[in-house]
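Here is the file entry_21.txt (compact mmCIF, C-alpha atoms and all ligand atoms).
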# COMPACT_ATOMS: atom_id res chain seq x y z
CA MET B 197 80.40 48.21 102.53
CA ALA B 198 79.09 51.36 100.86
CA ARG B 199 75.56 51.14 99.48
CA ALA B 200 74.03 53.54 97.02
CA ASP B 201 71.41 54.72 99.52
CA THR B 202 74.09 55.24 102.20
CA LEU B 203 76.15 57.31 99.84
CA ALA B 204 73.11 59.33 98.83
CA ARG B 205 72.44 60.07 102.50
CA ALA B 206 76.10 60.97 103.11
CA ARG B 207 76.00 63.39 100.23
CA GLU B 208 73.31 65.39 102.04
CA LEU B 209 75.10 65.60 105.38
CA ASP B 210 76.34 69.01 106.38
CA ARG B 211 80.05 69.25 106.85
CA PRO B 212 80.66 71.93 109.46
CA ASP B 213 83.25 74.54 108.59
CA LEU B 214 84.81 74.05 112.01
CA ALA B 215 87.61 71.46 112.06
CA TYR B 216 89.22 72.05 115.47
CA LEU B 217 88.84 74.04 118.62
CA VAL B 218 92.45 74.98 119.28
CA ARG B 219 93.35 75.37 122.96
CA PHE B 220 96.71 76.92 123.61
CA PRO B 221 98.60 78.29 126.63
CA ALA B 222 98.97 82.07 126.68
CA ALA B 223 100.42 84.47 129.25
CA GLY B 224 96.96 84.98 130.79
CA GLY B 225 95.93 81.31 130.82
CA ILE B 226 94.48 78.86 128.31
CA ARG B 227 92.88 80.47 125.24
CA GLU B 228 90.69 79.00 122.54
CA THR B 229 90.28 79.74 118.87
CA ASP B 230 88.49 78.04 116.00
CA LEU B 231 90.22 76.35 113.08
CA THR B 232 88.24 75.77 109.90
CA TRP B 233 88.82 73.27 107.10
CA ALA B 234 89.59 76.12 104.71
CA GLU B 235 92.29 77.37 107.10
CA ILE B 236 93.77 73.88 107.36
CA ALA B 237 93.94 73.78 103.55
CA ARG B 238 95.83 77.09 103.48
CA ASP B 239 98.12 76.00 106.34
CA THR B 240 98.82 72.75 104.46
CA ALA B 241 99.92 74.66 101.36
CA TRP B 242 102.14 76.97 103.46
CA ILE B 243 103.79 74.03 105.27
CA ALA B 244 104.34 72.22 101.95
CA ASP B 245 106.26 75.27 100.70
CA ARG B 246 108.42 75.24 103.84
CA LEU B 247 109.14 71.51 103.39
CA ARG B 248 110.00 72.03 99.70
CA GLY B 249 112.44 74.69 100.87
CA HIS B 250 114.15 71.99 102.92
CA GLY B 251 114.38 69.81 99.83
CA LEU B 252 111.61 67.36 100.66
CA ALA B 253 110.39 65.61 97.54
CA ALA B 254 108.42 62.60 96.34
CA GLY B 255 109.84 59.25 97.33
CA GLN B 256 111.61 60.47 100.46
CA ARG B 257 110.68 59.38 103.97
CA ALA B 258 110.05 61.35 107.15
CA VAL B 259 109.43 60.76 110.83
CA LEU B 260 106.96 63.15 112.47
CA THR B 261 106.95 63.44 116.26
CA ALA B 262 104.01 65.29 117.73
CA SER B 263 101.57 65.04 120.59
CA GLY B 264 97.94 64.10 120.33
CA PHE B 265 96.76 67.58 121.30
CA GLU B 266 98.76 69.12 118.44
CA GLY B 267 96.34 68.06 115.72
CA PHE B 268 95.76 71.70 114.82
CA TRP B 269 99.15 71.82 113.09
CA CYS B 270 99.81 68.08 112.63
CA HIS B 271 96.79 67.73 110.38
CA ALA B 272 98.24 70.31 108.00
CA MET B 273 101.75 68.83 108.30
CA ILE B 274 100.48 65.34 107.43
CA GLY B 275 98.52 66.79 104.51
CA ALA B 276 101.67 68.52 103.28
CA LEU B 277 103.74 65.31 103.53
CA ARG B 278 101.04 63.37 101.68
CA GLY B 279 100.81 66.08 99.03
CA LEU B 280 104.57 65.92 98.51
CA ARG B 281 104.32 62.10 98.40
CA VAL B 282 106.73 61.76 101.29
CA THR B 283 106.22 58.53 103.25
CA TYR B 284 105.99 59.20 106.97
CA GLY B 285 105.79 57.50 110.35
CA ILE B 286 104.36 59.23 113.42
CA ALA B 287 105.66 58.95 116.98
CA GLU B 288 104.43 60.75 120.07
CA ALA B 289 106.66 63.70 121.04
CA MET B 290 106.43 62.96 124.77
CA GLY B 291 109.48 61.26 126.24
CA TRP B 292 107.82 57.92 126.97
CA ASP B 293 107.47 57.20 123.24
CA HIS B 294 111.11 57.81 122.29
CA ARG B 295 111.57 54.14 121.35
CA ARG B 296 109.02 54.52 118.55
CA THR B 297 111.05 57.44 117.17
CA SER B 298 114.14 55.21 117.38
CA VAL B 299 112.47 52.32 115.54
CA PHE B 300 111.03 54.53 112.79
CA HIS B 301 114.39 56.25 112.40
CA ARG B 302 116.22 52.94 112.10
CA GLU B 303 113.72 51.33 109.72
CA LEU B 304 112.76 54.32 107.54
CA ARG B 305 116.19 55.98 107.39
CA PRO B 306 114.30 59.25 106.91
CA HIS B 307 115.37 62.30 104.92
CA ALA B 308 113.63 64.43 107.56
CA VAL B 309 112.72 64.23 111.24
CA ILE B 310 110.02 66.76 112.05
CA GLY B 311 108.97 68.02 115.50
CA LEU B 312 111.74 66.42 117.54
CA SER B 313 111.35 67.33 121.23
CA ALA B 314 113.85 67.69 124.07
CA GLU B 315 111.93 64.97 125.91
CA THR B 316 112.45 62.54 123.01
CA LEU B 317 116.16 63.39 122.86
CA GLU B 318 116.51 62.89 126.62
CA GLY B 319 114.81 59.50 126.31
CA LEU B 320 117.03 58.48 123.38
CA SER B 321 120.19 59.69 125.11
CA GLY B 322 119.97 56.85 127.64
CA ALA B 323 120.63 54.20 125.01
CA THR B 324 121.84 56.03 121.90
CA ASP B 325 124.44 58.52 120.75
CA ILE B 326 122.02 61.15 119.43
CA GLY B 327 124.79 62.79 117.39
CA GLU B 328 125.49 59.56 115.52
CA MET B 329 121.78 58.98 115.15
CA PHE B 330 120.81 62.33 113.61
CA ARG B 331 123.94 63.57 111.81
CA PRO B 332 123.10 61.42 108.75
CA THR B 333 119.53 62.85 108.67
CA SER B 334 119.41 65.63 106.08
CA VAL B 335 116.68 67.71 107.73
CA VAL B 336 115.97 67.86 111.46
CA LEU B 337 113.20 70.25 112.49
CA ALA B 338 113.19 70.36 116.27
CA ARG B 339 111.45 72.16 119.13
CA PRO B 340 113.26 75.27 120.45
CA ASP B 341 114.55 73.48 123.58
CA ALA B 342 115.79 70.51 121.52
CA VAL B 343 117.80 72.55 119.00
CA PRO B 344 120.69 73.45 121.40
CA MET B 345 120.93 69.76 122.39
CA LEU B 346 121.33 68.87 118.71
CA HIS B 347 123.82 71.64 117.99
CA ALA B 348 125.92 70.43 120.94
CA VAL B 349 126.41 67.07 119.18
CA GLY B 350 126.98 68.48 115.69
CA VAL B 351 123.47 68.16 114.28
CA PRO B 352 122.46 71.37 112.45
CA GLY B 353 118.79 71.28 113.43
CA CYS B 354 116.27 73.97 112.51
CA VAL B 355 113.43 75.21 114.72
CA LEU B 356 109.84 74.05 114.40
CA SER B 357 107.39 75.11 117.08
CA PRO B 358 103.75 75.83 117.70
CA LEU B 359 103.36 79.53 118.53
CA GLY B 360 99.96 79.73 120.18
CA PRO B 361 97.58 78.55 117.43
CA ALA B 362 100.19 79.24 114.71
CA LEU B 363 103.18 77.21 113.56
CA ALA B 364 106.73 78.56 113.22
CA VAL B 365 109.11 76.75 110.84
CA GLU B 366 112.72 77.73 110.28
CA CYS B 367 114.15 77.60 106.75
CA PRO B 368 117.63 76.31 105.84
CA GLU B 369 119.02 79.85 106.41
CA ARG B 370 118.57 79.23 110.16
CA SER B 371 117.81 82.87 110.82
CA GLY B 372 114.57 82.44 112.75
CA ALA B 373 111.38 80.40 112.41
CA HIS B 374 108.96 81.73 109.79
CA VAL B 375 105.29 82.33 110.61
CA SER B 376 102.78 82.81 107.79
CA ALA B 377 102.19 86.55 107.42
CA ALA B 378 99.03 85.82 105.43
CA GLU B 379 97.44 84.13 108.45
CA TRP B 380 99.00 85.63 111.60
CA ARG B 381 100.49 88.77 113.10
CA VAL B 382 103.40 88.02 115.39
CA GLY B 383 104.87 90.62 117.68
CA GLU B 384 107.06 91.13 120.68
CA ARG B 385 106.65 93.29 123.73
CA ASP B 386 109.11 93.48 126.61
CA GLY B 387 110.90 90.45 125.22
CA GLN B 388 107.74 88.32 125.08
CA LEU B 389 106.16 86.98 121.90
CA SER B 390 102.54 87.60 120.97
CA VAL B 391 100.23 86.40 118.21
CA ALA B 392 97.03 87.74 116.64
CA ALA B 393 94.84 86.32 113.91
CA GLY B 394 95.18 87.79 110.43
CA GLU B 395 92.12 89.29 108.79
CA GLY B 396 91.44 86.12 106.80
CA ARG B 397 91.06 83.87 109.84
CA ALA B 398 87.48 82.94 110.66
CA SER B 399 88.00 83.22 114.40
CA PRO B 400 89.15 86.65 115.59
CA LEU B 401 92.09 86.67 117.97
CA SER B 402 93.39 90.01 119.19
CA GLU B 403 97.03 90.47 120.15
CA THR B 404 97.66 87.72 122.70
CA PRO B 405 100.87 87.64 124.76
CA LEU B 406 102.12 84.06 124.90
CA GLY B 407 104.50 84.21 127.84
CA ILE B 408 107.27 82.92 125.55
CA ALA B 409 110.59 84.76 125.47
CA GLY B 410 111.73 85.76 122.03
CA ARG B 411 111.90 88.43 119.39
CA VAL B 412 110.61 88.95 115.86
CA VAL B 413 112.68 89.75 112.78
CA THR B 414 110.94 91.32 109.78
CA GLY B 415 112.19 91.93 106.26
CA ARG B 416 112.99 89.50 103.50
CA CYS B 417 114.88 86.37 104.52
CA ALA B 418 117.74 85.09 102.38
CA CYS B 419 115.43 82.18 101.45
CA GLY B 420 113.22 84.72 99.62
CA SER B 421 110.31 84.65 102.07
CA ASP B 422 108.81 87.85 103.48
CA ASP B 423 107.16 85.95 106.34
CA PRO B 424 108.41 87.29 109.69
CA ARG B 425 110.83 85.18 111.70
CA VAL B 426 110.68 84.32 115.37
CA LEU B 427 113.84 83.87 117.42
CA PHE B 428 112.83 81.84 120.47
CA GLY B 429 114.49 82.58 123.78
CA GLU B 430 116.61 85.42 122.37
CA ALA B 431 115.26 87.93 124.85
CA ASN B 432 116.44 85.79 127.76
CA GLN B 433 119.89 85.55 126.30
CA LEU B 434 120.09 89.28 125.71
CA SER B 435 118.94 90.32 129.16
ZN ZN T 501 113.93 81.98 105.41
Here is a file; write its structure as structure tokens.
Ligand SMILES: [Zn+2]
Amino acid sequence: MARADTLARARELDRPDLAYLVRFPAAGGIRETDLTWAEIARDTAWIADRLRGHGLAAGQRAVLTASGFEGFWCHAMIGALRGLRVTYGIAEAMGWDHRRTSVFHRELRPHAVIGLSAETLEGLSGATDIGEMFRPTSVVLARPDAVPMLHAVGVPGCVLSPLGPALAVECPERSGAHVSAAEWRVGERDGQLSVAAGEGRASPLSETPLGIAGRVVTGRCACGSDDPRVLFGEANQLS
């Protein structure tokens, strides 16, 4: 129960700017960067725009699959879903929790499934026809290694993926996963993707090779966004 003197004390507590220490795998090993509450607020607004672009709107339902260590983008994703008044259920993206994804999908009949992983699809494949399961779902945003599995069964999934400390989200044009140009600089060198913090980020991050094959497309997308687009794995296919 909240008491007046407790609330008065709470009002005086400092709230640190730092929300998360983001640890992410890079080409040279694990790297760390800070994530502030102000950055989460900006990331939330950016993700909400991406979800609006996929037609998400109040009253719809979504299933989010993500891992516990992915709070750095999940927090903003959940904030965006709440802001859009989309009801959501959360399942772990690791394969052992695929039954939770199945139950939420069956019970919520979601407009969108967000963050679907190859491990979840492999788990579901044992007992379910994943084509039948996801073809009726309007929006499927899946990890890069899950998208070909979906396409193979007639599900037109789009890419969603962490990219170091950033998040890449493909729009309905399916011409690469957008990364916020206001927050990050993405690049490619020798067929490998890199990321650097934009000037507005509190924690500096110089150009960091990620050891992920891919390339970057710049210029305005047909969706109207000028945010650069990442094509995962393209370099491997081209070589
Ligand atoms: Zn686009």
Worksheet item: Restricting the calculation to all atoms listed in the file, which member of B:Ala215, B:Ala373, B:Leu363, B:Cys354 is positioned closest to Met273 of chain B?
Response: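 The closest residue to Met273 of chain B is B:Leu363.
Nearest residue to Ala398 of chain B, choosing from B:Ile236, B:Ile326, B:Ile243, B:Ala200 and counting all atoms listed in the file: B:Ile236.
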Worksheet item: Of the candidates B:Arg385, B:His374, B:Arg248, B:Arg397, which one gets nearest to Ala418 of chain B if we count all atoms listed in the file?
Response: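 Result for the nearest residue to Ala418 of chain B: B:His374.
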Worksheet item: For ligand ZN 501 (chain T), which residue among B:Glu303, B:Glu366, B:Gly415, B:Ser313 is the nearest when counting only C-alpha atoms and all ligand atoms?
Response: B:Glu366
Worksheet entry | Counting only C-alpha atoms and all ligand atoms, the option among B:Ala338, B:Val218, B:Ala364, B:Val382 closest to ligand ZN 501 (chain T) |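 Using only C-alpha atoms and all ligand atoms, the shortest distance to ligand ZN 501 (chain T) belongs to B:Ala364.
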Discussion item. Please identify all protein, DNA and RNA residues within 6 Å of ligand ZN 501 (chain T), counting only C-alpha atoms and all ligand atoms, and report them as a list of chain:residue names.
Written reply: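 Checking only C-alpha atoms and all ligand atoms against ligand ZN 501 (chain T) at 6 Å gives B:Cys367, B:Glu369, B:Cys417, B:Ala418, B:Cys419, B:Ser421.
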Fill in: Shell of 10 Å around Met290 of chain B, all atoms listed in the file, local chain residues under 3 positions omitted, as a PyMOL selection string
chain B and resi 261-264+287+293-294+312-317+319
Worksheet entry | Point-to-point distance in Å for atom CA of Val355 of chain B and atom CA of Glu384 of chain B | 18.2 Å
Discussion item. Nearest residue to Arg246 of chain B out of B:Pro368, B:Gly322, B:Pro405, B:Gly396, using only C-alpha atoms?
Written reply: B:Pro368
Residue contacts of Glu403 of chain B (8 Å, only C-alpha atoms) excluding same-chain residues fewer than 6 positions away, as a CSV table (one decimal) with C-alpha atoms, in the frame of the given file:
chain,number,residue,atom,x,y,z
B,390,SER,CA,102.5,87.6,121.0
B,391,VAL,CA,100.2,86.4,118.2
B,392,ALA,CA,97.0,87.7,116.6
B,393,ALA,CA,94.8,86.3,113.9
Item to complete: Please provide the set of residues having any atom within 9 Å of Ser376 of chain B, restricted to only C-alpha atoms, with same-chain residues fewer than 4 positions apart removed, written as a PyMOL selection string.
Response: chain B and resi 239+242+362-364+380-381+422-424
Practice prompt. Figure out the distance between atom CA of Gly255 of chain B and atom CA of Phe300 of chain B, please, to one decimal in Å.
Written response: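 These two atoms are separated by 16.2 Å.
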Discussion item. Just want the 7 Å neighbourhood of Pro221 of chain B, counted on only C-alpha atoms, with same-chain residues fewer than 5 positions away dropped. Output as a list in words.
Written reply: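 Those residues are Ile226, Arg227, Gly360 and Leu406 of chain B.
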Item to complete: Step by step: start from the point (122.0, 57.6, 108.0) in the file's coordinates, keep every protein, DNA or RNA residue that has an atom no farther than 7 Å from it, count all atoms listed in the file, and write the set as a list in words.
Response: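 Applying the cut-off with all atoms listed in the file, one gets Arg305, Pro332 and Thr333 of chain B.
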Could the residues in this selection be saved with C-alpha atoms as a PDB file, in the frame of the given file?
ATOM      1  CA  ARG B 305     116.190  55.980 107.390  1.00  0.00           C
ATOM      2  CA  PRO B 332     123.100  61.420 108.750  1.00  0.00           C
ATOM      3  CA  THR B 333     119.530  62.850 108.670  1.00  0.00           C
TER       4      THR B 333
END
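If you look at atom CA of Tyr284 of chain B and atom CA of Ile310 of chain B, they are 10.0 Å away from each other.
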Could you please fill out segment 346-369 of chain B with N, CA, C and O atoms and send it back as a PDB file, in the coordinates of the input?
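Contents of rebuild.pdb, as written:
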ATOM      1  N   LEU B 346     120.852  69.408 119.994  1.00  0.00           N
ATOM      2  CA  LEU B 346     121.330  68.870 118.710  1.00  0.00           C
ATOM      3  C   LEU B 346     122.613  69.565 118.277  1.00  0.00           C
ATOM      4  O   LEU B 346     123.568  68.913 117.848  1.00  0.00           O
ATOM      5  N   HIS B 347     122.622  70.890 118.389  1.00  0.00           N
ATOM      6  CA  HIS B 347     123.820  71.640 117.990  1.00  0.00           C
ATOM      7  C   HIS B 347     125.035  71.181 118.796  1.00  0.00           C
ATOM      8  O   HIS B 347     126.154  71.117 118.277  1.00  0.00           O
ATOM      9  N   ALA B 348     124.815  70.847 120.055  1.00  0.00           N
ATOM     10  CA  ALA B 348     125.920  70.430 120.940  1.00  0.00           C
ATOM     11  C   ALA B 348     126.573  69.136 120.451  1.00  0.00           C
ATOM     12  O   ALA B 348     127.724  68.863 120.783  1.00  0.00           O
ATOM     13  N   VAL B 349     125.840  68.343 119.671  1.00  0.00           N
ATOM     14  CA  VAL B 349     126.410  67.070 119.180  1.00  0.00           C
ATOM     15  C   VAL B 349     126.596  67.118 117.658  1.00  0.00           C
ATOM     16  O   VAL B 349     126.685  66.077 117.003  1.00  0.00           O
ATOM     17  N   GLY B 350     126.623  68.339 117.108  1.00  0.00           N
ATOM     18  CA  GLY B 350     126.980  68.480 115.690  1.00  0.00           C
ATOM     19  C   GLY B 350     125.851  68.227 114.717  1.00  0.00           C
ATOM     20  O   GLY B 350     126.105  67.954 113.536  1.00  0.00           O
ATOM     21  N   VAL B 351     124.614  68.315 115.183  1.00  0.00           N
ATOM     22  CA  VAL B 351     123.470  68.160 114.280  1.00  0.00           C
ATOM     23  C   VAL B 351     122.890  69.543 114.002  1.00  0.00           C
ATOM     24  O   VAL B 351     122.417  70.215 114.930  1.00  0.00           O
ATOM     25  N   PRO B 352     122.919  70.010 112.751  1.00  0.00           N
ATOM     26  CA  PRO B 352     122.460  71.370 112.450  1.00  0.00           C
ATOM     27  C   PRO B 352     120.933  71.450 112.333  1.00  0.00           C
ATOM     28  O   PRO B 352     120.376  71.649 111.261  1.00  0.00           O
ATOM     29  N   GLY B 353     120.247  71.277 113.463  1.00  0.00           N
ATOM     30  CA  GLY B 353     118.790  71.280 113.430  1.00  0.00           C
ATOM     31  C   GLY B 353     118.207  72.669 113.251  1.00  0.00           C
ATOM     32  O   GLY B 353     118.830  73.675 113.616  1.00  0.00           O
ATOM     33  N   CYS B 354     117.040  72.724 112.657  1.00  0.00           N
ATOM     34  CA  CYS B 354     116.270  73.970 112.510  1.00  0.00           C
ATOM     35  C   CYS B 354     115.075  73.923 113.467  1.00  0.00           C
ATOM     36  O   CYS B 354     114.644  72.854 113.890  1.00  0.00           O
ATOM     37  N   VAL B 355     114.517  75.107 113.739  1.00  0.00           N
ATOM     38  CA  VAL B 355     113.430  75.210 114.720  1.00  0.00           C
ATOM     39  C   VAL B 355     112.069  74.965 114.062  1.00  0.00           C
ATOM     40  O   VAL B 355     111.782  75.489 112.984  1.00  0.00           O
ATOM     41  N   LEU B 356     111.263  74.165 114.730  1.00  0.00           N
ATOM     42  CA  LEU B 356     109.840  74.050 114.400  1.00  0.00           C
ATOM     43  C   LEU B 356     109.095  74.107 115.723  1.00  0.00           C
ATOM     44  O   LEU B 356     109.454  73.387 116.649  1.00  0.00           O
ATOM     45  N   SER B 357     108.084  74.978 115.802  1.00  0.00           N
ATOM     46  CA  SER B 357     107.390  75.110 117.080  1.00  0.00           C
ATOM     47  C   SER B 357     105.987  75.658 116.888  1.00  0.00           C
ATOM     48  O   SER B 357     105.795  76.585 116.098  1.00  0.00           O
ATOM     49  N   PRO B 358     105.020  75.114 117.612  1.00  0.00           N
ATOM     50  CA  PRO B 358     103.750  75.830 117.700  1.00  0.00           C
ATOM     51  C   PRO B 358     104.009  77.184 118.357  1.00  0.00           C
ATOM     52  O   PRO B 358     104.897  77.307 119.215  1.00  0.00           O
ATOM     53  N   LEU B 359     103.252  78.190 117.930  1.00  0.00           N
ATOM     54  CA  LEU B 359     103.360  79.530 118.530  1.00  0.00           C
ATOM     55  C   LEU B 359     101.914  79.960 118.780  1.00  0.00           C
ATOM     56  O   LEU B 359     101.273  80.542 117.917  1.00  0.00           O
ATOM     57  N   GLY B 360     101.393  79.602 119.973  1.00  0.00           N
ATOM     58  CA  GLY B 360      99.960  79.730 120.180  1.00  0.00           C
ATOM     59  C   GLY B 360      99.256  78.835 119.177  1.00  0.00           C
ATOM     60  O   GLY B 360      99.639  77.669 119.011  1.00  0.00           O
ATOM     61  N   PRO B 361      98.286  79.370 118.430  1.00  0.00           N
ATOM     62  CA  PRO B 361      97.580  78.550 117.430  1.00  0.00           C
ATOM     63  C   PRO B 361      98.307  78.513 116.088  1.00  0.00           C
ATOM     64  O   PRO B 361      97.831  77.869 115.149  1.00  0.00           O
ATOM     65  N   ALA B 362      99.429  79.200 115.978  1.00  0.00           N
ATOM     66  CA  ALA B 362     100.190  79.240 114.710  1.00  0.00           C
ATOM     67  C   ALA B 362     101.318  78.223 114.759  1.00  0.00           C
ATOM     68  O   ALA B 362     101.549  77.567 115.771  1.00  0.00           O
ATOM     69  N   LEU B 363     102.005  78.090 113.625  1.00  0.00           N
ATOM     70  CA  LEU B 363     103.180  77.210 113.560  1.00  0.00           C
ATOM     71  C   LEU B 363     104.344  78.024 113.014  1.00  0.00           C
ATOM     72  O   LEU B 363     104.197  78.787 112.057  1.00  0.00           O
ATOM     73  N   ALA B 364     105.508  77.879 113.658  1.00  0.00           N
ATOM     74  CA  ALA B 364     106.730  78.560 113.220  1.00  0.00           C
ATOM     75  C   ALA B 364     107.691  77.502 112.691  1.00  0.00           C
ATOM     76  O   ALA B 364     107.943  76.506 113.364  1.00  0.00           O
ATOM     77  N   VAL B 365     108.220  77.726 111.491  1.00  0.00           N
ATOM     78  CA  VAL B 365     109.110  76.750 110.840  1.00  0.00           C
ATOM     79  C   VAL B 365     110.328  77.488 110.290  1.00  0.00           C
ATOM     80  O   VAL B 365     110.196  78.373 109.438  1.00  0.00           O
ATOM     81  N   GLU B 366     111.496  77.101 110.751  1.00  0.00           N
ATOM     82  CA  GLU B 366     112.720  77.730 110.280  1.00  0.00           C
ATOM     83  C   GLU B 366     113.107  77.166 108.905  1.00  0.00           C
ATOM     84  O   GLU B 366     112.901  75.989 108.624  1.00  0.00           O
ATOM     85  N   CYS B 367     113.678  78.028 108.074  1.00  0.00           N
ATOM     86  CA  CYS B 367     114.150  77.600 106.750  1.00  0.00           C
ATOM     87  C   CYS B 367     115.631  77.232 106.843  1.00  0.00           C
ATOM     88  O   CYS B 367     116.254  77.416 107.885  1.00  0.00           O
ATOM     89  N   PRO B 368     116.221  76.720 105.777  1.00  0.00           N
ATOM     90  CA  PRO B 368     117.630  76.310 105.840  1.00  0.00           C
ATOM     91  C   PRO B 368     118.596  77.459 106.145  1.00  0.00           C
ATOM     92  O   PRO B 368     119.751  77.213 106.481  1.00  0.00           O
ATOM     93  N   GLU B 369     118.144  78.725 106.051  1.00  0.00           N
ATOM     94  CA  GLU B 369     119.020  79.850 106.410  1.00  0.00           C
ATOM     95  C   GLU B 369     119.285  79.926 107.909  1.00  0.00           C
ATOM     96  O   GLU B 369     120.198  80.614 108.350  1.00  0.00           O
TER      97      GLU B 369
END
